[in-house]
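Written below as structure tokens is the structure these notes are about.
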Amino acid sequence: MKQRRKVRYWKIAPGSGGFVWIEQRDHRCIAIGWGETGDLDKYKTEESIRRRFSQIDWSSRTRPTQLLKFHKDIQVGDKILANSGRQIYGIGTVVGNYKFDEDIYYEHSRPVRWELTFWEPLDVEELKLPEVLTAKIRLNRTVLELEPKEWELIDKALYHVENPFKGMNNFEGICRAPQTEQETIILFGKLSQHLKMRIEYVGKPFPDAYIRVKEGKKWRTKAAEFELNSSEFESHGHVKKMEKGKEWDMIICWKHDWENKLKNLEIIELRKELEEII
């Protein structure tokens, strides 16, 4: 009787900073770069892959080790942690064989059933894992194998972590939580009715926007600044501008992280508002 292969566990980066995670999540796969090699199944030996790899100008001392692991070592039934740096995007199970898929940004791919995903990427520090394991997850590696005991700790922590956006893939056509100021503006547009606010003006010069706010039975116009995180109001130099006479009424942000915020500034934290309606 053929002995059943043991499940192996991998952390794989869906691009630097997870920039192709949404595509891979929705395409139900995990995929990596180095697509210039072409379809790896067309090569007869590992050595021929290595030769082709060495012929390509990668502009750095890149070796094919991680690509070869992705092609041969990862198999159906293996578990995948999709992460890049501090951010964790999801976990899943490999459900198919290697495929060179030219319909996606990174062509070297394997189909994955994503069992748990995060609309807002999870910071690995939130999991309170052992320091050694946290450091391993944060390593700058495209493909890295994890030990079964390490996976057990990760899996348990992910399913128990309190995250209001766990399992959510979309909100009003927005595929992920805001990661830029511009995306914060888009989300505000989606939430403005819930907030009993209206957009009067959005532009480049001071202020970012004039927002109509309903107070009782009246609508009042307020000057607003959009920020991804509220603390950026200070780091972007706006506090100094206020000292010179410019005035803002509110900050509209994705996340409020400014502990010493000015008392006369109202903070609209979209993350908190969204939690209340999903």
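Numbering starts fresh at 1 for the residues of each chain in the structure tokens, the chains themselves are lettered A, B, ... in the order given, and ligands are numbered from 1 as they appear.
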
For Leu144 in chain A, list every protein, DNA or RNA residue within 7 Å, evaluated using only C-alpha atoms, and leave out those in the same chain fewer than 4 positions away; present the list as a ChimeraX atom specification. /A:10-12

One number please: CA of Asp26 in chain A to CA of Arg86 in chain A, in Å, one decimal. 21.7 Å

So that I can see what lies close to Val76 in chain A, please list as number ranges by chain the residues with an atom at most 8 Å from it, counting only C-alpha atoms and leaving out residues fewer than 2 positions away in the same chain. A: 74, 78, 93-97

Could you give me, as a ChimeraX atom specification, each residue of range 109-228 of chain A that DSSP assigns to alpha helix (DSSP H) when run on this structure's backbone? /A:131-137,148-160,181-191

Between CA of Val124 in chain A and CA of Gln87 in chain A, what is the distance in Å, rounded to a tenth?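 These two atoms are separated by 6.1 Å.
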